[in-house]
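Shown next: final15.cif, given as mmCIF, C-alpha atoms.
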```cif
data_coords
#
loop_
_atom_site.label_atom_id
_atom_site.label_comp_id
_atom_site.auth_asym_id
_atom_site.auth_seq_id
_atom_site.Cartn_x
_atom_site.Cartn_y
_atom_site.Cartn_z
CA MET W 230 81.13 127.38 103.97
CA PRO W 231 80.12 128.44 100.43
CA ALA W 232 80.88 125.97 97.66
CA LEU W 233 83.76 126.53 95.25
CA ASP W 234 83.88 125.65 91.59
CA PRO W 235 86.97 123.98 90.05
CA ALA W 236 88.23 127.34 88.71
CA ALA W 237 88.15 128.85 92.21
CA LEU W 238 89.93 125.78 93.56
CA LYS W 239 92.73 126.30 91.03
CA LYS W 240 93.18 129.84 92.36
CA HIS W 241 93.39 128.43 95.90
CA LEU W 242 96.14 126.06 94.83
CA GLU W 243 98.05 128.71 92.88
CA SER W 244 98.01 130.99 95.91
CA GLY W 245 99.50 128.25 98.08
CA ARG W 246 96.95 128.93 100.84
CA LEU W 247 95.28 125.55 101.20
CA ALA W 248 92.30 125.05 103.48
CA MET W 249 92.49 122.55 106.32
CA VAL W 250 89.53 120.51 105.00
CA TYR W 251 88.13 120.10 101.48
CA ALA W 252 85.23 118.03 100.17
CA PHE W 253 85.35 117.16 96.45
CA VAL W 254 81.82 116.05 95.54
CA GLY W 255 80.39 115.00 92.18
CA GLU W 256 80.29 112.57 89.30
CA ASP W 257 82.93 114.18 87.05
CA VAL W 258 85.52 111.69 88.22
CA ARG W 259 88.14 112.53 85.60
CA LEU W 260 88.14 116.21 86.60
CA VAL W 261 88.20 115.17 90.25
CA ASP W 262 91.29 113.05 89.54
CA ARG W 263 92.98 116.06 87.94
CA MET W 264 92.23 118.23 90.96
CA VAL W 265 93.44 115.55 93.37
CA ASP W 266 96.72 115.45 91.45
CA ALA W 267 96.87 119.26 91.48
CA VAL W 268 96.50 119.33 95.27
CA GLU W 269 99.20 116.66 95.61
CA HIS W 270 101.52 118.66 93.34
CA THR W 271 101.56 121.50 95.86
CA ILE W 272 104.00 119.30 97.78
CA ASP W 273 107.60 119.07 96.59
CA PRO W 274 108.06 115.77 94.65
CA ALA W 275 110.88 114.66 96.96
CA ASP W 276 108.63 115.11 100.02
CA ARG W 277 105.48 113.41 98.69
CA PRO W 278 106.28 109.85 99.88
CA PHE W 279 106.40 111.22 103.44
CA ALA W 280 103.84 114.03 103.22
CA VAL W 281 100.93 112.57 101.19
CA ASP W 282 98.60 109.73 102.20
CA ARG W 283 95.74 108.25 100.17
CA LEU W 284 93.23 106.28 102.21
CA PHE W 285 90.12 104.49 100.95
CA ALA W 286 87.10 104.83 103.21
CA GLY W 287 85.73 101.50 104.33
CA ASP W 288 88.79 99.54 103.27
CA GLU W 289 91.53 98.32 105.59
CA GLY W 290 93.26 101.37 107.01
CA GLY W 291 90.38 103.65 105.97
CA SER W 292 88.20 103.76 109.09
CA PRO W 293 87.38 107.12 110.72
CA VAL W 294 89.97 106.37 113.42
CA ASP W 295 92.62 105.65 110.76
CA ILE W 296 91.73 108.85 108.89
CA VAL W 297 92.05 110.93 112.05
CA ALA W 298 95.38 109.30 112.96
CA ALA W 299 96.77 110.12 109.50
CA ALA W 300 95.47 113.70 109.68
CA ARG W 301 96.97 114.30 113.12
CA GLY W 302 100.44 113.22 112.00
CA LEU W 303 103.02 116.00 111.88
CA PRO W 304 104.92 116.80 108.67
CA MET W 305 108.25 114.98 108.45
CA LEU W 306 109.54 117.28 105.71
CA GLY W 307 108.23 120.68 104.73
CA ASP W 308 105.39 122.34 106.62
CA ARG W 309 102.29 120.50 105.38
CA ARG W 310 100.76 117.05 105.13
CA ILE W 311 97.97 116.12 102.72
CA VAL W 312 95.59 113.25 103.43
CA PHE W 313 93.14 112.17 100.73
CA VAL W 314 90.12 110.06 101.68
CA MET W 315 88.93 108.40 98.48
CA ARG W 316 85.46 106.84 98.07
CA ALA W 317 84.28 109.05 100.92
CA GLU W 318 80.64 108.47 99.96
CA ARG W 319 81.06 105.38 102.16
CA LEU W 320 81.27 107.80 105.10
CA PHE W 321 78.84 110.51 104.02
CA LYS W 322 76.26 108.40 102.18
CA PRO W 323 76.75 104.81 103.34
CA LYS W 324 74.59 102.05 101.93
CA ARG W 325 71.86 100.85 104.21
CA ALA W 326 71.97 97.27 105.40
CA SER W 327 69.55 95.01 103.55
CA LYS W 328 67.01 92.90 105.41
CA THR W 329 66.54 89.16 105.40
CA GLU W 330 63.24 87.42 104.69
CA ASP W 331 62.53 87.49 108.46
CA ASP W 332 62.96 91.31 108.48
CA GLU W 333 66.20 90.96 110.43
CA PRO W 334 69.04 93.22 109.23
CA ALA W 335 71.56 91.32 107.14
CA GLU W 336 75.21 91.41 108.04
CA GLU W 337 76.48 94.89 107.24
CA SER W 338 79.25 95.49 104.76
CA GLY W 339 82.04 98.01 105.14
CA ASP W 340 79.81 100.53 103.34
CA THR W 341 77.05 100.59 105.93
CA ALA W 342 77.68 101.35 109.59
CA VAL W 343 80.11 104.20 110.28
CA ASP W 344 81.38 104.93 113.79
CA ALA W 345 82.20 108.55 113.06
CA GLY W 346 82.77 109.96 116.55
CA ALA W 347 86.53 110.39 116.12
CA LEU W 348 86.07 112.05 112.74
CA GLU W 349 83.37 114.42 114.02
CA ALA W 350 85.72 115.48 116.81
CA TYR W 351 88.53 116.09 114.33
CA LEU W 352 86.32 118.21 112.07
CA GLU W 353 85.50 120.41 115.06
CA GLN W 354 89.20 121.13 115.52
CA PRO W 355 91.32 120.16 112.49
CA VAL W 356 95.12 120.21 112.56
CA PRO W 357 96.43 123.40 110.89
CA SER W 358 99.43 121.66 109.29
CA THR W 359 97.25 119.06 107.50
CA THR W 360 95.02 119.43 104.45
CA LEU W 361 92.36 116.71 104.63
CA VAL W 362 90.55 116.09 101.33
CA PHE W 363 87.40 113.95 101.16
CA VAL W 364 86.56 112.70 97.63
CA ALA W 365 82.97 111.48 97.15
CA THR W 366 80.66 111.00 94.19
CA GLU W 367 77.69 111.96 96.38
CA ILE W 368 76.86 112.78 100.00
CA ASP W 369 73.76 112.67 102.20
CA ARG W 370 73.39 116.22 103.49
CA THR W 371 70.92 115.13 106.21
CA ARG W 372 73.48 113.08 108.13
CA ARG W 373 75.10 114.58 111.21
CA LEU W 374 78.62 113.74 110.01
CA THR W 375 77.94 115.38 106.65
CA LYS W 376 76.63 118.53 108.35
CA ARG W 377 79.86 118.73 110.35
CA LEU W 378 81.84 118.35 107.15
CA LEU W 379 79.89 121.05 105.31
CA ALA W 380 80.34 123.43 108.23
CA GLN W 381 84.13 123.05 108.24
CA ALA W 382 85.17 122.18 104.67
CA GLN W 383 85.67 124.07 101.46
CA VAL W 384 83.23 122.16 99.26
CA VAL W 385 84.10 121.86 95.57
CA GLU W 386 81.27 120.73 93.29
CA PHE W 387 82.09 118.52 90.28
CA SER W 388 78.55 118.14 89.01
CA GLY W 389 79.45 117.29 85.42
CA LEU W 390 76.61 117.59 82.90
CA GLN W 391 73.68 117.10 85.25
CA ALA W 392 73.47 120.77 86.26
CA ASP W 393 73.19 121.84 82.64
CA ALA W 394 69.94 119.95 82.13
CA ALA W 395 67.67 122.32 84.12
CA GLY W 396 66.41 124.10 81.01
CA GLY W 397 65.31 120.92 79.30
CA ARG W 398 66.84 118.34 76.99
CA LYS W 399 67.50 120.79 74.14
CA ASP W 400 69.28 123.23 76.44
CA ALA W 401 71.27 120.38 77.97
CA ARG W 402 72.47 119.24 74.55
CA ALA W 403 73.49 122.78 73.60
CA ALA W 404 75.33 123.24 76.90
CA THR W 405 77.16 119.94 76.43
CA GLN W 406 78.24 120.90 72.91
CA ARG W 407 79.57 124.22 74.23
CA TRP W 408 81.46 122.30 76.90
CA ILE W 409 83.05 120.10 74.22
CA GLU W 410 84.06 123.12 72.14
CA ASP W 411 85.54 124.89 75.18
CA GLU W 412 87.53 121.81 76.20
CA LEU W 413 88.99 121.49 72.71
CA ILE W 414 89.79 125.20 72.44
CA ARG W 415 91.74 124.81 75.69
CA VAL W 416 94.10 122.39 73.92
CA GLY W 417 94.17 124.25 70.61
CA ARG W 418 91.70 122.07 68.66
CA THR W 419 88.27 122.50 67.10
CA ILE W 420 85.37 120.21 66.19
CA ASP W 421 82.75 120.20 63.44
CA PRO W 422 79.24 121.00 64.76
CA GLU W 423 77.93 117.66 63.47
CA ALA W 424 80.74 115.84 65.26
CA ALA W 425 80.01 117.70 68.51
CA ALA W 426 76.33 116.76 68.26
CA MET W 427 77.21 113.11 67.63
CA LEU W 428 79.66 113.10 70.55
CA THR W 429 77.01 114.61 72.81
CA ALA W 430 74.43 112.00 71.83
CA ARG W 431 76.80 109.09 72.37
CA ALA W 432 77.85 110.36 75.82
CA GLY W 433 74.25 110.06 77.03
CA GLY W 434 74.75 112.71 79.72
CA ASP W 435 77.67 110.83 81.30
CA ILE W 436 80.49 113.33 81.91
CA THR W 437 83.03 110.59 82.63
CA LYS W 438 82.32 108.87 79.31
CA LEU W 439 82.39 112.22 77.51
CA ARG W 440 85.78 113.18 78.94
CA GLY W 441 87.14 109.74 78.02
CA ASP W 442 85.76 110.03 74.49
CA VAL W 443 87.36 113.47 74.03
CA GLU W 444 90.72 112.15 75.26
CA ARG W 445 90.54 109.19 72.87
CA LEU W 446 89.66 111.46 69.95
CA LEU W 447 92.63 113.71 70.67
CA LEU W 448 94.88 110.68 70.78
CA PHE W 449 93.38 109.34 67.56
CA ILE W 450 93.69 112.53 65.47
CA GLY W 451 97.31 113.12 66.45
CA SER W 452 98.55 116.46 65.09
CA ARG W 453 95.36 117.29 63.18
CA ALA W 454 93.65 120.47 64.39
CA ARG W 455 89.98 119.56 63.76
CA ILE W 456 87.78 116.64 64.80
CA THR W 457 85.26 115.44 62.23
CA SER W 458 82.16 113.24 62.30
CA ASP W 459 84.20 110.45 60.71
CA ASP W 460 86.62 110.60 63.66
CA VAL W 461 83.76 110.29 66.14
CA MET W 462 82.29 107.34 64.23
CA GLU W 463 85.70 105.65 64.21
CA VAL W 464 86.54 106.06 67.88
CA VAL W 465 83.40 106.61 69.97
CA SER W 466 81.03 103.70 70.44
CA GLU W 467 77.33 104.21 71.12
CA GLN W 468 77.28 101.41 73.63
CA VAL W 469 79.85 99.14 75.17
CA SER W 470 79.49 95.45 74.36
CA ILE W 471 81.67 92.55 75.37
CA ASP W 472 83.83 91.47 72.42
CA ASP W 473 86.12 88.49 72.27
CA GLU W 474 89.38 88.78 74.17
CA TRP W 475 91.40 89.07 70.95
CA GLY W 476 89.60 92.16 69.67
CA VAL W 477 92.47 94.52 70.53
CA VAL W 478 95.11 92.30 68.95
CA ASN W 479 93.10 91.73 65.78
CA ALA W 480 92.36 95.44 65.35
CA ILE W 481 96.08 96.30 65.69
CA ALA W 482 96.95 93.60 63.20
CA ASP W 483 94.37 95.03 60.78
CA GLY W 484 96.02 98.44 61.11
CA ASP W 485 92.77 99.90 62.49
CA ALA W 486 93.68 102.30 65.33
CA GLY W 487 90.11 103.49 65.83
CA ARG W 488 88.81 99.96 66.35
CA ALA W 489 91.76 99.14 68.61
CA LEU W 490 90.89 102.11 70.84
CA ARG W 491 87.26 100.98 71.04
CA GLU W 492 88.32 97.44 71.93
CA VAL W 493 90.60 98.74 74.69
CA GLY W 494 87.64 100.69 76.05
CA LYS W 495 85.52 97.55 76.14
CA ARG W 496 88.23 95.60 77.97
CA VAL W 497 88.80 98.35 80.55
CA ASP W 498 85.08 98.93 81.12
CA ARG W 499 84.48 95.26 81.84
CA GLY W 500 87.34 95.21 84.37
CA ASP W 501 90.01 93.23 82.50
CA SER W 502 93.50 93.37 84.00
CA PRO W 503 95.78 95.91 82.26
CA HIS W 504 98.74 93.63 83.00
CA GLY W 505 96.93 90.72 81.35
CA MET W 506 96.40 92.87 78.27
CA ILE W 507 100.10 93.78 78.26
CA GLY W 508 100.98 90.09 78.44
CA GLN W 509 98.69 89.29 75.52
CA LEU W 510 100.17 92.10 73.42
CA ARG W 511 103.71 91.02 74.32
CA TRP W 512 102.91 87.48 73.11
CA TRP W 513 101.48 88.87 69.86
CA VAL W 514 104.55 91.08 69.25
CA SER W 515 107.09 88.34 69.96
CA SER W 516 105.36 85.54 68.06
CA ARG W 517 103.12 87.05 65.38
CA LEU W 518 104.47 90.53 64.61
CA ALA W 519 108.03 89.16 64.60
CA GLU W 520 107.00 86.63 61.98
CA ALA W 521 105.11 89.09 59.77
CA ASP W 522 107.01 92.40 60.11
CA GLY W 523 110.25 92.07 62.06
CA ALA W 524 111.26 95.71 61.50
CA ARG W 525 108.50 96.86 63.88
CA VAL W 526 109.37 94.52 66.73
CA ARG W 527 112.05 96.58 68.50
CA GLY W 528 109.87 99.71 68.68
CA ALA W 529 106.91 97.62 69.80
CA ILE W 530 108.90 96.00 72.62
CA ASP W 531 110.15 99.42 73.78
CA ALA W 532 106.56 100.68 73.87
CA LEU W 533 105.44 97.62 75.84
CA ARG W 534 108.25 98.07 78.37
CA ARG W 535 107.47 101.77 78.88
CA THR W 536 103.78 101.05 79.38
CA ASP W 537 104.41 98.12 81.71
CA LEU W 538 106.73 100.23 83.87
CA ALA W 539 104.25 103.13 83.98
CA LEU W 540 101.42 100.77 85.01
CA LYS W 541 103.52 99.19 87.78
CA SER W 542 104.67 102.57 89.11
CA SER W 543 101.25 104.27 88.83
CA GLY W 544 102.72 106.55 86.20
CA GLY W 545 99.39 107.61 84.72
CA ASP W 546 95.79 106.62 84.10
CA GLU W 547 95.68 102.92 83.11
CA ARG W 548 93.22 103.45 80.29
CA VAL W 549 95.19 106.33 78.78
CA LEU W 550 98.44 104.34 78.97
CA LEU W 551 96.86 101.36 77.20
CA GLU W 552 95.27 103.56 74.55
CA ARG W 553 98.59 105.25 73.84
CA LEU W 554 100.23 101.83 73.58
CA VAL W 555 97.78 100.43 71.02
CA VAL W 556 98.14 103.54 68.87
CA GLU W 557 101.94 103.07 68.94
CA LEU W 558 101.61 99.38 68.04
CA THR W 559 99.18 99.95 65.17
CA GLY W 560 100.86 100.26 61.79
CA GLN W 561 100.29 98.88 58.33
CA PRO W 562 97.89 95.92 58.17
CA LEU W 563 99.69 92.59 58.42
CA PRO W 564 99.19 89.64 56.08
CA GLN W 565 96.20 87.53 57.04
CA ARG W 566 98.21 84.34 57.46
CA GLY W 567 99.71 83.59 60.83
CA TRP W 568 99.04 86.71 62.88
CA ARG W 569 95.43 86.80 64.12
CA GLY W 570 94.36 86.00 67.63
CA ARG W 571 93.12 82.61 68.58
#
```

For the structure just supplied, provide its representation as structure tokens.
Amino acid sequence: MPALDPAALKKHLESGRLAMVYAFVGEDVRLVDRMVDAVEHTIDPADRPFAVDRLFAGDEGGSPVDIVAAARGLPMLGDRRIVFVMRAERLFKPKRASKTEDDEPAEESGDTAVDAGALEAYLEQPVPSTTLVFVATEIDRTRRLTKRLLAQAQVVEFSGLQADAAGGRKDARAATQRWIEDELIRVGRTIDPEAAAMLTARAGGDITKLRGDVERLLLFIGSRARITSDDVMEVVSEQVSIDDEWGVVNAIADGDAGRALREVGKRVDRGDSPHGMIGQLRWWVSSRLAEADGARVRGAIDALRRTDLALKSSGGDERVLLERLVVELTGQPLPQRGWRGR
């Protein structure tokens, strides 16, 4: 089937005529996440616990047999089921087993061997009442299973910035800056040309980083209509480095929202637990903020509770929730004595 772009996919969803099989392929993971949510939102909220499954290829419950069993299930409520297969590159571009020093294949991980017979059979004759969505960063188009998928699925390409680079580095930079301007116009904002150039350079061709940087800038500028170079310098780091574990707390205490956002980014990028960060911030609010500025404590605790509940109930992107929290917690700088992290 011919490939769709994200705009054409939106029209599919708005029409309510979903295909039986989709393949979301590409590195623009934030846009992919939005489209996954958009597909899920075609199901009535009350029906979603019974009508929507998210499986992870290669993990427990994510084998081809498990995927087929979920896809063959009949709708309990409504007239459609949706089954998402996340990390589907494990099926369509699995890692090859490494070899030992004796040239014997090493023990294969869950990413390597795929017994895809059941899935190939399903793709030949999918269930009309199920929409099966495979989400993969990349696929190997030479594999037999991938060829079956491409023959049956509506393929949606999320290529990010890579496709824009065909005309050379200069053209790629110009295309990226246009992308930034278009994204901001979509939400009623603008950006100085120098700021767009700086943002482009610091993204380094990584669409996921660029989308994250734009989201952080919008959060940072609040109600202001225009993003400046100073805003980019405040919020967007050129490279991520590991800072001490008290960087977020100390930035909040200094009243520096831009630095606090950068420190959150560092913690998230290195895989720190969001719940551990919440616990650290809760300690700081109850012991240090209470001592230095008691009037801010009640609002801070409310913000912590909202964020903690949203994290536990999957009520949004973890990074965005944490960034919103640190902006809420950041106020006037506190006195130096008695508040800084250890």

Decode the PyMOL selection byres ((chain W and resi 305-311) around 7) for the given file into explicit residues and return them as an mmCIF file with C-alpha atoms, in the coordinates of the input.
```
data_model
loop_
_atom_site.group_PDB
_atom_site.id
_atom_site.type_symbol
_atom_site.label_atom_id
_atom_site.label_comp_id
_atom_site.auth_asym_id
_atom_site.auth_seq_id
_atom_site.Cartn_x
_atom_site.Cartn_y
_atom_site.Cartn_z
ATOM 1 C CA ASP W 276 108.630 115.110 100.020
ATOM 2 C CA PHE W 279 106.400 111.220 103.440
ATOM 3 C CA ALA W 280 103.840 114.030 103.220
ATOM 4 C CA VAL W 281 100.930 112.570 101.190
ATOM 5 C CA ASP W 282 98.600 109.730 102.200
ATOM 6 C CA LEU W 303 103.020 116.000 111.880
ATOM 7 C CA PRO W 304 104.920 116.800 108.670
ATOM 8 C CA VAL W 312 95.590 113.250 103.430
ATOM 9 C CA PHE W 313 93.140 112.170 100.730
ATOM 10 C CA SER W 358 99.430 121.660 109.290
ATOM 11 C CA THR W 359 97.250 119.060 107.500
ATOM 12 C CA THR W 360 95.020 119.430 104.450
ATOM 13 C CA LEU W 361 92.360 116.710 104.630
#
```

Cut-off 8 Å: closest segment 379-443 of chain W/segment 231-239 of chain W atom pairs per residue, using all atoms listed in the file, as a tab-separated table:
```
residue	atom	partner	partner_atom	distance
W:Gln383	CA	W:Ala232	CA	6.4
W:Val384	CA	W:Ala232	CA	4.8
W:Val385	CA	W:Leu233	CA	4.7
W:Glu386	CA	W:Asp234	CA	5.8
W:Phe387	CA	W:Pro235	CA	7.3
```

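If all atoms listed in the file are the atoms counted, then among W:Leu563, W:Leu348, W:Ala275, W:Leu551 the closest residue to Arg525 of chain W is W:Leu563.
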
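Near Ile414 of chain W, within 12 Å and counting all atoms listed in the file, sit Arg407, Trp408, Ile420, Leu447, Ala454, Arg455 and Ile456 of chain W; same-chain residues fewer than 6 positions away were not included.
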
May I have the residues at most 7 Å from (102.5, 122.7, 99.4) in the file's coordinates, counting all atoms listed in the file, as a PDB file with C-alpha atoms, in the frame of the given file?
```
ATOM      1  CA  GLY W 245      99.500 128.250  98.080  1.00  0.00           C
ATOM      2  CA  THR W 271     101.560 121.500  95.860  1.00  0.00           C
ATOM      3  CA  ILE W 272     104.000 119.300  97.780  1.00  0.00           C
ATOM      4  CA  ASP W 273     107.600 119.070  96.590  1.00  0.00           C
ATOM      5  CA  ARG W 309     102.290 120.500 105.380  1.00  0.00           C
TER       6      ARG W 309
END
```

Expansion of the PyMOL selection byres ((chain W and resi 559) around 9) into residues, as a list in words: Ala480, Ile481, Ala482, Asp483, Gly484, Asp485, Ala486, Ala489, Leu554, Val555, Val556, Glu557, Leu558, Gly560, Gln561 and Pro562 of chain W

Point-to-point distance from atom CA of Gly505 of chain W to atom CA of Leu550 of chain W, Å rounded to tenths: 13.9 Å

Surrounding residues of segment 421-428 of chain W excluding itself and chain neighbours under 4 positions, 9 Å, all atoms listed in the file, as an MDAnalysis selection string: chainID W and resid 402:403 405:407 409:410 432:433 439 442:443 455:462 465

Selection result for the PyMOL selection byres ((chain W and resi 253) around 6) on this file, as a short mmCIF file (atom, residue, chain, number, x, y, z; two decimals) with C-alpha atoms, keeping the file's coordinate frame:
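What landed in selection.cif:
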```cif
data_model
loop_
_atom_site.label_atom_id
_atom_site.label_comp_id
_atom_site.auth_asym_id
_atom_site.auth_seq_id
_atom_site.Cartn_x
_atom_site.Cartn_y
_atom_site.Cartn_z
CA ALA W 252 85.23 118.03 100.17
CA VAL W 254 81.82 116.05 95.54
CA VAL W 364 86.56 112.70 97.63
CA VAL W 385 84.10 121.86 95.57
#
```

Selection: 10 Å around Arg445 of chain W, all atoms listed in the file, excl. self and same-chain fewer than 5 positions, as number ranges by chain: W: 439-440, 450, 461, 464-465, 487, 490-491, 494, 548-549, 552-553

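You will find atom CA of Val265 of chain W at 8.5 Å from atom CA of Val362 of chain W.
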